[in-house]
$ cat run-v2.csv   # CSV, C-alpha atoms
chain,number,residue,atom,x,y,z
U,207,MET,CA,11.2,12.4,34.5
U,208,SER,CA,11.9,9.7,32.0
U,209,ALA,CA,9.8,11.2,29.2
U,210,SER,CA,11.8,11.8,26.1
U,211,GLN,CA,10.7,14.1,23.4
U,212,ARG,CA,12.9,14.1,20.4
U,213,HIS,CA,12.4,16.5,17.5
U,214,THR,CA,12.3,14.5,14.3
U,215,ALA,CA,14.8,15.8,11.8
U,216,GLU,CA,15.2,14.0,8.5
U,217,GLU,CA,17.7,11.5,9.8
U,218,ALA,CA,15.4,10.7,12.7
U,219,LEU,CA,12.2,10.1,10.6
U,220,SER,CA,13.1,6.5,10.3
U,221,GLU,CA,12.0,6.2,14.0
U,222,VAL,CA,8.4,7.1,12.8
U,223,PRO,CA,6.5,4.1,11.4
U,224,LEU,CA,5.2,4.6,7.9
U,225,LYS,CA,1.6,4.3,9.0
U,226,ALA,CA,2.1,7.0,11.5
U,227,ARG,CA,3.5,9.3,8.9
U,228,ILE,CA,0.7,8.6,6.5
U,229,LEU,CA,-2.0,9.2,9.1
U,230,LEU,CA,-0.3,12.5,10.1
U,231,SER,CA,0.0,13.4,6.4
U,232,HIS,CA,-3.8,13.1,6.1
U,233,ALA,CA,-4.0,15.5,9.0
U,234,HIS,CA,-1.5,17.9,7.5
U,235,LEU,CA,-3.4,18.0,4.1
U,236,GLN,CA,-6.7,18.6,5.9
U,237,HIS,CA,-5.2,21.4,8.0
U,238,LEU,CA,-3.7,22.9,4.8
U,239,ALA,CA,-7.2,22.7,3.1
U,240,ASP,CA,-9.0,24.2,6.1
U,241,THR,CA,-6.5,27.0,6.5
U,242,HIS,CA,-7.1,28.1,2.8
U,243,GLY,CA,-10.9,27.4,2.7
U,244,ILE,CA,-10.4,24.5,0.2
U,245,ASP,CA,-12.7,21.5,0.0
U,246,ILE,CA,-11.0,18.1,-0.2
U,247,LEU,CA,-12.2,14.6,0.2
U,248,HIS,CA,-9.7,12.0,1.6
U,249,ILE,CA,-10.2,8.8,-0.5
U,250,LYS,CA,-8.8,5.3,-0.5
U,251,GLY,CA,-6.0,4.2,1.9
U,252,TYR,CA,-6.5,4.8,5.6
U,253,ALA,CA,-9.4,7.2,4.9
U,254,PHE,CA,-11.5,4.1,4.1
U,255,GLY,CA,-11.7,1.8,7.1
U,256,THR,CA,-12.3,-1.8,7.8
U,257,ASP,CA,-15.9,-1.3,6.8
U,258,THR,CA,-14.5,-1.2,3.2
U,259,TYR,CA,-11.0,-2.7,3.2
U,260,PRO,CA,-9.5,-5.9,4.7
U,261,VAL,CA,-8.1,-5.5,8.2
U,262,ASP,CA,-4.4,-4.8,8.2
U,263,ARG,CA,-4.4,-3.5,4.6
U,264,GLN,CA,-1.4,-1.3,4.3
U,265,SER,CA,-1.2,2.1,2.5
U,266,THR,CA,1.9,3.9,1.4
U,267,ASP,CA,0.5,7.3,0.4
U,268,VAL,CA,-2.4,9.7,0.8
U,269,ASP,CA,-5.0,10.3,-1.9
U,270,VAL,CA,-7.3,13.3,-1.9
U,271,LEU,CA,-9.9,14.5,-4.3
U,272,VAL,CA,-10.0,18.3,-4.6
U,273,ARG,CA,-13.0,20.4,-5.5
U,274,PRO,CA,-12.1,21.3,-9.1
U,275,ASP,CA,-12.6,25.0,-8.6
U,276,HIS,CA,-10.1,24.9,-5.7
U,277,LEU,CA,-7.4,22.9,-7.4
U,278,GLY,CA,-5.1,25.8,-8.4
U,279,LEU,CA,-5.2,27.2,-4.9
U,280,PHE,CA,-4.5,23.8,-3.3
U,281,VAL,CA,-1.5,23.1,-5.6
U,282,THR,CA,-0.1,26.5,-4.7
U,283,ALA,CA,-0.7,25.9,-1.0
U,284,LEU,CA,1.1,22.5,-1.3
U,285,LYS,CA,4.1,24.0,-3.0
U,286,ASP,CA,4.3,26.8,-0.3
U,287,ALA,CA,4.2,24.1,2.3
U,288,GLY,CA,7.3,22.4,0.8
U,289,TRP,CA,5.7,19.7,-1.4
U,290,LYS,CA,7.5,18.9,-4.6
U,291,VAL,CA,5.8,17.7,-7.8
U,292,VAL,CA,6.9,14.2,-8.8
U,293,THR,CA,4.5,13.7,-11.7
U,294,THR,CA,2.1,16.2,-13.2
U,295,PHE,CA,-1.5,15.6,-14.1
U,296,GLU,CA,-0.4,15.2,-17.7
U,297,SER,CA,2.4,12.7,-16.9
U,298,GLY,CA,0.8,10.8,-14.0
U,299,SER,CA,-1.4,8.3,-15.9
U,300,ASP,CA,-3.3,7.7,-19.1
U,301,PHE,CA,-6.3,9.3,-17.4
U,302,HIS,CA,-4.5,12.6,-16.4
U,303,HIS,CA,-6.5,12.5,-13.2
U,304,ALA,CA,-3.9,13.0,-10.5
U,305,MET,CA,-0.6,14.5,-9.7
U,306,THR,CA,1.9,13.0,-7.3
U,307,VAL,CA,3.6,15.2,-4.8
U,308,TYR,CA,6.3,14.4,-2.2
U,309,HIS,CA,7.2,16.0,1.1
U,310,PRO,CA,10.3,14.8,3.1
U,311,THR,CA,8.2,14.6,6.3
U,312,TRP,CA,4.8,13.5,5.0
U,313,GLY,CA,5.9,11.2,2.1
U,314,LEU,CA,3.9,10.7,-1.1
U,315,SER,CA,0.4,12.0,-1.9
U,316,ASP,CA,-1.8,11.8,-5.0
U,317,ILE,CA,-3.8,14.9,-5.7
U,318,HIS,CA,-6.9,14.0,-7.8
U,319,ARG,CA,-8.7,16.5,-9.9
U,320,TYR,CA,-11.3,13.9,-10.8
U,321,PHE,CA,-11.9,10.2,-10.3
U,322,PRO,CA,-11.7,8.0,-13.5
U,323,GLY,CA,-14.8,5.9,-14.0
U,324,LEU,CA,-17.2,8.4,-12.6
U,325,ASP,CA,-18.5,9.6,-15.9
U,326,ALA,CA,-19.8,13.1,-15.4
U,327,ARG,CA,-18.4,16.6,-15.1
U,328,PRO,CA,-15.8,16.6,-12.3
U,329,GLU,CA,-17.5,19.5,-10.6
U,330,ASP,CA,-20.8,17.6,-10.5
U,331,VAL,CA,-19.2,14.4,-9.3
U,332,PHE,CA,-17.4,16.3,-6.5
U,333,ASP,CA,-20.7,18.0,-5.4
U,334,GLU,CA,-22.4,14.6,-5.4
U,335,LEU,CA,-19.7,13.0,-3.2
U,336,TRP,CA,-19.4,16.1,-1.0
U,337,SER,CA,-23.1,16.1,-0.3
U,338,HIS,CA,-22.8,12.6,1.3
U,339,ARG,CA,-19.4,13.3,3.0
U,340,ARG,CA,-18.6,12.4,6.6
U,341,ILE,CA,-15.9,13.3,9.1
U,342,LYS,CA,-13.3,10.8,9.9
U,343,ASN,CA,-10.6,11.1,12.6
U,344,LEU,CA,-7.2,10.6,10.9
U,345,GLY,CA,-4.1,11.3,13.0
U,346,GLY,CA,-6.3,12.7,15.7
U,347,TYR,CA,-7.6,15.3,13.2
U,348,GLU,CA,-11.1,15.7,11.7
U,349,CYS,CA,-10.8,14.9,8.0
U,350,THR,CA,-13.5,15.0,5.3
U,351,THR,CA,-14.0,11.8,3.5
U,352,VAL,CA,-16.8,10.2,1.4
U,353,SER,CA,-19.7,8.1,2.8
U,354,VAL,CA,-19.1,4.4,3.5
U,355,VAL,CA,-21.3,3.5,0.5
U,356,ASP,CA,-19.4,5.9,-1.7
U,357,ALA,CA,-16.1,4.5,-0.4
U,358,ARG,CA,-17.2,1.0,-1.4
U,359,ALA,CA,-18.3,2.2,-4.8
U,360,LEU,CA,-15.0,4.0,-5.3
U,361,VAL,CA,-13.1,0.8,-4.4
U,362,TYR,CA,-14.9,-1.1,-7.2
U,363,VAL,CA,-14.4,1.7,-9.7
U,364,HIS,CA,-10.7,2.1,-8.8
U,365,ALA,CA,-10.1,-1.6,-9.2
U,366,ALA,CA,-11.2,-1.3,-12.8
U,367,ARG,CA,-7.9,0.4,-13.5
U,368,SER,CA,-5.9,-2.6,-12.4
U,369,THR,CA,-5.1,-5.1,-15.1
U,370,SER,CA,-4.4,-7.8,-12.5
U,371,SER,CA,-6.7,-10.8,-12.9
U,372,VAL,CA,-7.1,-10.9,-9.1
U,373,LYS,CA,-8.4,-7.7,-7.5
U,374,PRO,CA,-8.1,-8.3,-3.8
U,375,ASP,CA,-10.2,-5.3,-2.7
U,376,VAL,CA,-13.1,-6.4,-5.0
U,377,VAL,CA,-12.8,-10.0,-3.8
U,378,HIS,CA,-13.0,-8.7,-0.2
U,379,LEU,CA,-16.1,-6.6,-0.8
U,380,ASP,CA,-17.8,-9.3,-2.8
U,381,GLU,CA,-17.3,-11.6,0.2
U,382,VAL,CA,-18.3,-9.4,3.1
U,383,LEU,CA,-21.1,-7.2,1.7
U,384,SER,CA,-24.6,-8.3,2.3
U,385,GLU,CA,-27.1,-8.3,-0.6
U,386,SER,CA,-28.7,-5.1,0.7
U,387,GLU,CA,-25.3,-3.4,1.0
U,388,VAL,CA,-24.4,-4.5,-2.6
U,389,GLN,CA,-27.7,-3.0,-3.8
U,390,LEU,CA,-26.9,0.3,-2.0
U,391,VAL,CA,-23.5,0.4,-3.8
U,392,GLN,CA,-25.1,-0.4,-7.2
U,393,ARG,CA,-27.6,2.4,-6.7
U,394,ARG,CA,-24.8,4.8,-5.9
U,395,VAL,CA,-22.8,3.5,-8.9
U,396,ARG,CA,-25.8,4.4,-11.2
U,397,GLU,CA,-26.1,7.8,-9.6
U,398,LEU,CA,-22.4,8.5,-10.2
U,399,ASN,CA,-22.5,7.2,-13.8
U,400,ALA,CA,-20.0,4.6,-13.0
U,401,GLU,CA,-21.6,1.5,-14.4
U,402,LEU,CA,-18.9,0.7,-16.9
U,403,ALA,CA,-16.0,0.8,-14.5
U,404,PHE,CA,-18.0,-1.1,-11.9
U,405,ALA,CA,-18.8,-3.8,-14.5
U,406,ALA,CA,-15.1,-3.9,-15.5
U,407,ALA,CA,-14.1,-4.4,-11.9
U,408,ARG,CA,-16.6,-7.3,-11.4
U,409,GLY,CA,-15.9,-9.0,-14.7
U,410,SER,CA,-19.1,-8.2,-16.5
U,411,LEU,CA,-17.9,-5.5,-18.8
U,412,ASP,CA,-19.0,-7.4,-21.9
U,413,ASP,CA,-22.6,-6.4,-21.0
U,414,TYR,CA,-21.5,-3.0,-22.3
U,415,SER,CA,-19.7,-4.1,-25.5
U,416,GLN,CA,-21.5,-1.5,-27.6
U,417,HIS,CA,-20.6,1.4,-25.3
U,418,ARG,CA,-18.0,3.9,-26.8
U,419,ASP,CA,-15.8,3.5,-23.6
U,420,TYR,CA,-16.0,-0.3,-23.6
U,421,LEU,CA,-12.5,-0.7,-25.0
U,422,LEU,CA,-11.1,1.9,-22.6
U,423,TRP,CA,-12.3,0.0,-19.6
U,424,LYS,CA,-11.4,-3.4,-21.2
U,425,SER,CA,-7.8,-2.2,-21.7
U,426,SER,CA,-7.7,-0.6,-18.2
U,427,SER,CA,-9.0,-3.7,-16.4
U,428,GLN,CA,-7.3,-6.5,-18.4
U,429,GLN,CA,-4.0,-7.2,-20.1
U,430,VAL,CA,-4.3,-6.2,-23.7
U,431,PRO,CA,-1.7,-5.4,-26.4
U,432,GLU,CA,-0.4,-1.9,-26.2
U,433,TYR,CA,-1.9,-0.9,-29.6
U,434,ILE,CA,-5.4,-1.8,-28.2
U,435,ARG,CA,-4.8,0.5,-25.3
U,436,TRP,CA,-3.8,3.3,-27.6
U,437,LYS,CA,-6.9,2.7,-29.8
U,438,ALA,CA,-9.1,2.7,-26.8
U,439,ARG,CA,-7.7,6.0,-25.5
U,440,LEU,CA,-8.2,7.6,-28.9
U,441,ARG,CA,-11.8,6.3,-29.3
U,442,SER,CA,-12.8,7.5,-25.8
U,443,ALA,CA,-11.1,11.0,-26.1
U,444,ARG,CA,-14.0,13.5,-26.4
U,445,GLY,CA,-13.4,16.1,-29.2
U,446,LEU,CA,-10.7,16.9,-31.6
U,447,ARG,CA,-8.5,18.6,-29.0
U,448,ALA,CA,-8.6,15.7,-26.7
U,449,LYS,CA,-7.8,13.2,-29.5
U,450,ALA,CA,-4.9,15.4,-30.6
U,451,SER,CA,-3.7,15.5,-27.0
U,452,THR,CA,-4.0,11.7,-26.7
U,453,LEU,CA,-2.0,11.2,-29.9
U,454,ARG,CA,0.7,13.4,-28.4
U,455,ASP,CA,0.7,11.4,-25.2
U,456,ILE,CA,1.0,8.1,-27.1
U,457,PHE,CA,4.1,9.2,-29.0
U,458,PHE,CA,5.9,11.6,-26.8
U,459,VAL,CA,8.0,10.1,-24.0
U,460,ASN,CA,6.7,10.5,-20.4
U,461,THR,CA,10.0,11.6,-18.9
U,462,ASP,CA,8.6,11.6,-15.3
U,463,HIS,CA,7.7,8.0,-15.6
U,464,LEU,CA,11.0,7.1,-17.3
U,465,ALA,CA,12.8,8.9,-14.4
U,466,MET,CA,10.8,6.9,-11.8
U,467,SER,CA,11.5,3.6,-13.5
U,468,LEU,CA,15.2,4.4,-13.9
U,469,GLY,CA,15.5,5.9,-10.4
U,470,ARG,CA,17.2,8.9,-11.9
U,471,GLU,CA,16.8,11.6,-14.6
U,472,PRO,CA,17.0,9.9,-18.0
U,473,THR,CA,19.7,10.9,-20.4
U,474,ARG,CA,18.8,12.4,-23.8
U,475,GLN,CA,19.8,9.1,-25.4
U,476,GLU,CA,17.5,7.1,-23.2
U,477,VAL,CA,14.6,9.5,-24.0
U,478,ARG,CA,15.4,9.1,-27.7
U,479,GLU,CA,15.4,5.3,-27.5
U,480,LYS,CA,12.1,5.3,-25.6
U,481,PHE,CA,10.6,7.5,-28.3
U,482,PHE,CA,11.7,5.3,-31.1
U,483,SER,CA,10.6,2.2,-29.3
U,484,ARG,CA,7.0,3.2,-29.9
U,485,PHE,CA,7.6,3.2,-33.7
U,486,SER,CA,9.1,-0.2,-33.6
U,487,ALA,CA,6.0,-1.4,-31.7
U,488,LEU,CA,3.9,0.0,-34.5
U,489,THR,CA,6.1,-1.6,-37.1
U,490,ARG,CA,5.6,-5.0,-35.4
U,491,ILE,CA,1.8,-4.5,-35.3
U,492,ARG,CA,1.7,-3.6,-39.1
U,493,GLY,CA,3.9,-6.6,-39.8
U,494,LYS,CA,1.5,-8.9,-38.1
U,495,LYS,CA,-1.4,-7.5,-40.1
U,496,ASN,CA,0.3,-8.0,-43.4
B,1274,MET,CA,0.1,30.6,37.0
B,1275,PRO,CA,0.4,29.7,33.3
B,1276,THR,CA,-2.2,27.6,31.4
B,1277,TYR,CA,-1.2,25.1,28.8
B,1278,SER,CA,-3.2,23.9,25.8
B,1279,ARG,CA,-2.4,21.9,22.7
B,1280,ASN,CA,-1.6,23.9,19.6
B,1281,PRO,CA,-4.6,23.4,17.2
B,1282,ALA,CA,-2.1,23.0,14.4
B,1283,THR,CA,-1.0,19.6,15.8
B,1284,ALA,CA,-2.1,16.0,15.2
B,1285,PHE,CA,-1.0,12.8,16.8
B,1286,VAL,CA,-1.0,9.1,16.5
B,1287,SER,CA,-0.4,6.6,19.3
B,1288,HIS,CA,1.6,3.5,18.5
B,1289,ASP,CA,-1.4,1.3,19.5
B,1290,GLU,CA,-3.3,2.7,16.5
B,1291,LEU,CA,-0.7,1.4,14.0
B,1292,SER,CA,-1.6,-2.3,14.2
B,1293,SER,CA,-4.6,-4.5,14.9
B,1294,ARG,CA,-2.4,-6.5,17.2
B,1295,ILE,CA,-2.5,-5.6,20.9
B,1296,GLU,CA,0.9,-4.2,21.7
B,1297,ASP,CA,2.2,-2.8,24.9
B,1298,SER,CA,3.5,0.5,23.5
B,1299,ASN,CA,4.1,3.8,25.1
B,1300,THR,CA,4.8,6.1,22.2
B,1301,PHE,CA,3.0,9.0,20.6
B,1302,TYR,CA,3.9,10.6,17.3
B,1303,ILE,CA,3.0,14.3,17.4
B,1304,ALA,CA,3.0,16.4,14.2
B,1305,HIS,CA,3.2,20.1,13.9
B,1306,LEU,CA,1.0,20.5,10.8
B,1307,GLU,CA,2.5,23.9,9.8
B,1308,LYS,CA,6.1,23.3,10.5
B,1309,SER,CA,6.0,19.8,9.1
B,1310,THR,CA,7.8,18.2,12.0
B,1311,ILE,CA,7.0,14.9,13.8
B,1312,SER,CA,8.1,14.5,17.4
B,1313,VAL,CA,8.3,11.3,19.3
B,1314,VAL,CA,6.9,11.4,22.8
B,1315,ASP,CA,7.0,8.5,25.3
B,1316,GLY,CA,6.8,7.7,29.0
B,1317,VAL,CA,5.3,10.5,31.1
B,1318,GLY,CA,5.1,12.7,28.1
B,1319,MET,CA,2.2,10.6,26.8
B,1320,LEU,CA,0.3,11.1,29.9
B,1321,ILE,CA,0.8,14.8,29.8
B,1322,TRP,CA,-0.3,15.0,26.1
B,1323,GLU,CA,-3.4,13.0,27.0
B,1324,LEU,CA,-4.1,15.4,29.9
B,1325,LEU,CA,-3.9,18.3,27.6
B,1326,GLN,CA,-7.1,17.3,25.8
B,1327,LYS,CA,-8.4,20.4,27.7
B,1328,PRO,CA,-6.4,23.4,28.8
B,1329,LEU,CA,-4.7,22.9,32.2
B,1330,THR,CA,-3.0,25.2,34.6
B,1331,GLU,CA,0.6,24.3,35.6
B,1332,GLU,CA,-0.7,23.6,39.1
B,1333,ASP,CA,-3.4,21.2,37.9
B,1334,LEU,CA,-1.0,19.5,35.5
B,1335,VAL,CA,1.6,18.9,38.3
B,1336,ALA,CA,-1.1,17.6,40.6
B,1337,GLU,CA,-2.4,15.2,37.9
B,1338,VAL,CA,1.0,13.8,37.2
B,1339,ALA,CA,1.8,13.4,40.9
B,1340,ALA,CA,-1.5,11.7,41.5
B,1341,THR,CA,-1.1,9.3,38.6
B,1342,PHE,CA,2.4,8.2,39.7
B,1343,ASN,CA,1.6,8.4,43.4
B,1344,GLU,CA,4.4,10.8,44.0
B,1345,SER,CA,4.5,14.1,45.7
B,1346,GLN,CA,3.9,17.3,43.7
B,1347,GLU,CA,7.4,18.5,44.7
B,1348,THR,CA,9.0,15.4,43.2
B,1349,VAL,CA,7.3,15.7,39.8
B,1350,HIS,CA,7.2,19.5,39.5
B,1351,ARG,CA,10.7,20.2,38.0
B,1352,GLY,CA,10.4,17.4,35.4
B,1353,THR,CA,6.9,18.4,34.4
B,1354,VAL,CA,7.7,22.1,34.0
B,1355,ASP,CA,10.9,21.2,32.0
B,1356,PHE,CA,8.9,18.9,29.7
B,1357,MET,CA,6.2,21.6,29.2
B,1358,GLN,CA,8.9,24.0,28.3
B,1359,SER,CA,10.2,21.6,25.6
B,1360,LEU,CA,6.7,21.3,24.1
B,1361,VAL,CA,6.3,25.0,24.1
B,1362,ASP,CA,9.7,25.4,22.4
B,1363,GLU,CA,8.6,23.0,19.7
B,1364,ASP,CA,5.3,25.0,19.4
B,1365,LEU,CA,3.3,21.9,20.1
B,1366,VAL,CA,1.8,23.5,23.2
B,1367,LEU,CA,0.6,27.0,23.8
B,1368,ARG,CA,1.3,28.7,27.1
B,1369,ARG,CA,-0.9,31.6,28.2
$ encode --input "run-v2.csv" --output "structure tokens"
Amino acid sequence: MSASQRHTAEEALSEVPLKARILLSHAHLQHLADTHGIDILHIKGYAFGTDTYPVDRQSTDVDVLVRPDHLGLFVTALKDAGWKVVTTFESGSDFHHAMTVYHPTWGLSDIHRYFPGLDARPEDVFDELWSHRRIKNLGGYECTTVSVVDARALVYVHAARSTSSVKPDVVHLDEVLSESEVQLVQRRVRELNAELAFAAARGSLDDYSQHRDYLLWKSSSQQVPEYIRWKARLRSARGLRAKASTLRDIFFVNTDHLAMSLGREPTRQEVREKFFSRFSALTRIRGKKN
Amino acid sequence: MPTYSRNPATAFVSHDELSSRIEDSNTFYIAHLEKSTISVVDGVGMLIWELLQKPLTEEDLVAEVAATFNESQETVHRGTVDFMQSLVDEDLVLRR
């Protein structure tokens, strides 16, 4: 018999194409969730098919949205299964919405506790998405993902966090969706309280210039000076505690991000230089105003 | 006579699924979702994995492989049984 069956140790993983690893990673995460009675929704990437993304669009990681009540259990299950935390919810992004984890076999995964742009309680948003869920076969395994209409809405909303002037996924959807399909997406965007992010993705954000989160989405979807980004985050933070937390984020150095950009752990000197660089930015801003 | 079935804690991708281009490929990537391993299976192994969509006795499995390759059951028996043993050793297949 010519069949060969080679166990894949770390050195042999290079034999496995990235797309295969990613698809199997979806299956692994679903299995983990099923085993522990955890609700997850696979979002973006290969979970969304060619009914939403361009053909041959490549993905490099797996994204899942976790039912907020199940988050702690899922993170524990991930760690028990050998996943390591790369960035925490606090250090992952301005929105604090996702943590990035890594596994030597499965690669990178973003674990979302909410989806920025869907402006309602994360528990309610998850229930809403979950109530329209569908099953999709990923890696030969039945995975839970959002409906096709919700997938398209999420692609628009997600694109609102890209400051690139060209948003290829949005361009693709604008080109391929029929008028009735666009109307379905728009209705769902309203139901999910995502009008602002949707408008930001489609270049009509100025229709919402009086909204308290206008600046937040403007600074998320377009190139703006850093102090505008900070101002936007402060304005949109709900409550004193959130504002204090935002201030701390602005001035304290995100060592996880610094480590990723350096490709190694930063030295104390590098952290110090990064910290003081924020003050020099402020000085320049003040100098301009005077 | 033992019966073989896929371990439910497995998932797999065929090389054909990885590209929209039509490629002549004979490779499966099979993951053990709890052990976090990925095994590469090609050739006759692919056929056997496909056959195991439903549980099969060793006798049926050997007969299917022999029929597919137009060989005698005696010819394919040893290789098929050895291959099944390797899948069982990796816990990708359950034997009852």
$ closest_residue --input "run-v2.csv" --among "U:Leu219, U:Leu344, U:Ala407, U:Val352" --to "Ser1287 (chain B)" --atoms "only C-alpha atoms"
U:Leu344
$ atom_distance --input "run-v2.csv" --atom1 "CA of Trp312 (chain U)" --atom2 "CA of Thr258 (chain U)"
24.3 Å
$ residues_around --input "run-v2.csv" --residues "Val1366 (chain B)" --least-positions-apart "2" --cutoff "9 Å" --atoms "all atoms listed in the file" --output "list of chain:residue names"
B:Tyr1277, B:Ser1278, B:Arg1279, B:Asn1280, B:Pro1281, B:Thr1283, B:Leu1325, B:Met1357, B:Gln1358, B:Ser1359, B:Leu1360, B:Val1361, B:Asp1362, B:Glu1363, B:Asp1364, B:Arg1368
$ closest_atom_pairs --input "run-v2.csv" --of "chain B" --to "chain U" --cutoff "9 Å" --atoms "only C-alpha atoms" --output "JSON lines"
{"residue": "B:Ala1282", "atom": "CA", "partner": "U:His237", "partner_atom": "CA", "distance": 7.3}
{"residue": "B:Thr1283", "atom": "CA", "partner": "U:Tyr347", "partner_atom": "CA", "distance": 8.3}
{"residue": "B:Ala1284", "atom": "CA", "partner": "U:Gly346", "partner_atom": "CA", "distance": 5.4}
{"residue": "B:Phe1285", "atom": "CA", "partner": "U:Gly345", "partner_atom": "CA", "distance": 5.1}
{"residue": "B:Val1286", "atom": "CA", "partner": "U:Gly345", "partner_atom": "CA", "distance": 5.2}
{"residue": "B:Ser1287", "atom": "CA", "partner": "U:Ala226", "partner_atom": "CA", "distance": 8.2}
{"residue": "B:His1288", "atom": "CA", "partner": "U:Ala226", "partner_atom": "CA", "distance": 7.8}
{"residue": "B:Glu1290", "atom": "CA", "partner": "U:Ala226", "partner_atom": "CA", "distance": 8.5}
{"residue": "B:Leu1291", "atom": "CA", "partner": "U:Lys225", "partner_atom": "CA", "distance": 6.2}
{"residue": "B:Ser1292", "atom": "CA", "partner": "U:Asp262", "partner_atom": "CA", "distance": 7.1}
{"residue": "B:Ser1293", "atom": "CA", "partner": "U:Asp262", "partner_atom": "CA", "distance": 6.7}
{"residue": "B:Tyr1302", "atom": "CA", "partner": "U:Ala226", "partner_atom": "CA", "distance": 7.1}
{"residue": "B:Ile1303", "atom": "CA", "partner": "U:Leu230", "partner_atom": "CA", "distance": 8.2}
{"residue": "B:Ala1304", "atom": "CA", "partner": "U:Leu230", "partner_atom": "CA", "distance": 6.6}
{"residue": "B:His1305", "atom": "CA", "partner": "U:His234", "partner_atom": "CA", "distance": 8.2}
{"residue": "B:Leu1306", "atom": "CA", "partner": "U:His234", "partner_atom": "CA", "distance": 4.9}
{"residue": "B:Glu1307", "atom": "CA", "partner": "U:His234", "partner_atom": "CA", "distance": 7.6}
{"residue": "B:Lys1308", "atom": "CA", "partner": "U:Ala287", "partner_atom": "CA", "distance": 8.5}
{"residue": "B:Ser1309", "atom": "CA", "partner": "U:Thr311", "partner_atom": "CA", "distance": 6.3}
{"residue": "B:Thr1310", "atom": "CA", "partner": "U:Thr214", "partner_atom": "CA", "distance": 6.3}
{"residue": "B:Ile1311", "atom": "CA", "partner": "U:Thr214", "partner_atom": "CA", "distance": 5.3}
{"residue": "B:Ser1312", "atom": "CA", "partner": "U:His213", "partner_atom": "CA", "distance": 4.7}
{"residue": "B:Val1313", "atom": "CA", "partner": "U:Arg212", "partner_atom": "CA", "distance": 5.5}
{"residue": "B:Val1314", "atom": "CA", "partner": "U:Gln211", "partner_atom": "CA", "distance": 4.7}
{"residue": "B:Asp1315", "atom": "CA", "partner": "U:Ala209", "partner_atom": "CA", "distance": 5.5}
{"residue": "B:Gly1316", "atom": "CA", "partner": "U:Ala209", "partner_atom": "CA", "distance": 4.6}
{"residue": "B:Val1317", "atom": "CA", "partner": "U:Ala209", "partner_atom": "CA", "distance": 4.9}
{"residue": "B:Gly1318", "atom": "CA", "partner": "U:Ala209", "partner_atom": "CA", "distance": 5.1}
{"residue": "B:Met1319", "atom": "CA", "partner": "U:Ala209", "partner_atom": "CA", "distance": 8.0}
{"residue": "B:Val1349", "atom": "CA", "partner": "U:Met207", "partner_atom": "CA", "distance": 7.4}
{"residue": "B:Arg1351", "atom": "CA", "partner": "U:Met207", "partner_atom": "CA", "distance": 8.6}
{"residue": "B:Gly1352", "atom": "CA", "partner": "U:Met207", "partner_atom": "CA", "distance": 5.1}
{"residue": "B:Thr1353", "atom": "CA", "partner": "U:Met207", "partner_atom": "CA", "distance": 7.4}
{"residue": "B:Phe1356", "atom": "CA", "partner": "U:Ala209", "partner_atom": "CA", "distance": 7.8}
{"residue": "B:Ser1359", "atom": "CA", "partner": "U:Gln211", "partner_atom": "CA", "distance": 7.8}
{"residue": "B:Leu1360", "atom": "CA", "partner": "U:Gln211", "partner_atom": "CA", "distance": 8.3}
{"residue": "B:Glu1363", "atom": "CA", "partner": "U:His213", "partner_atom": "CA", "distance": 7.8}
$ closest_residue --input "run-v2.csv" --among "U:Ile434, U:Val395, U:Val270, U:Leu468" --to "Ala304 (chain U)" --atoms "all atoms listed in the file"
U:Val270
$ closest_residue --input "run-v2.csv" --among "U:Asn399, U:Ser370, U:Thr293, U:Ser384" --to "Pro328 (chain U)" --atoms "only C-alpha atoms"
U:Asn399
$ atom_distance --input "run-v2.csv" --atom1 "CA of Glu1323 (chain B)" --atom2 "CA of Asn343 (chain U)"
16.2 Å
$ atom_distance --input "run-v2.csv" --atom1 "CA of Pro472 (chain U)" --atom2 "CA of Asn460 (chain U)"
10.6 Å
$ axis_aligned_box --input "run-v2.csv" --around "region 321-337 of chain U" --padding-each-side "6 Å" --output "lines of an AutoDock Vina configuration file"
center_x = -17.4
center_y = 12.7
center_z = -8.1
size_x = 23.4
size_y = 25.6
size_z = 27.6
$ residues_around --input "run-v2.csv" --residues "Pro374 (chain U)" --least-positions-apart "2" --cutoff "12 Å" --atoms "all atoms listed in the file" --output "JSON, numbers by chain"
{"U": [258, 259, 260, 263, 361, 362, 364, 365, 366, 368, 370, 371, 372, 376, 377, 378, 379, 380, 381, 407, 408]}
$ residues_around --input "run-v2.csv" --residues "Arg435 (chain U)" --least-positions-apart "4" --cutoff "8 Å" --atoms "all atoms listed in the file" --output "JSON, numbers by chain"
{"U": [421, 422, 425, 426, 430, 431, 439]}
$ closest_residue --input "run-v2.csv" --among "B:Thr1341, B:Thr1330, B:Leu1365, B:His1350" --to "Pro1275 (chain B)" --atoms "only C-alpha atoms"
B:Thr1330
$ closest_residue --input "run-v2.csv" --among "U:Gly278, U:Ala239, U:Leu271, U:Leu314" --to "Lys290 (chain U)" --atoms "only C-alpha atoms"
U:Leu314
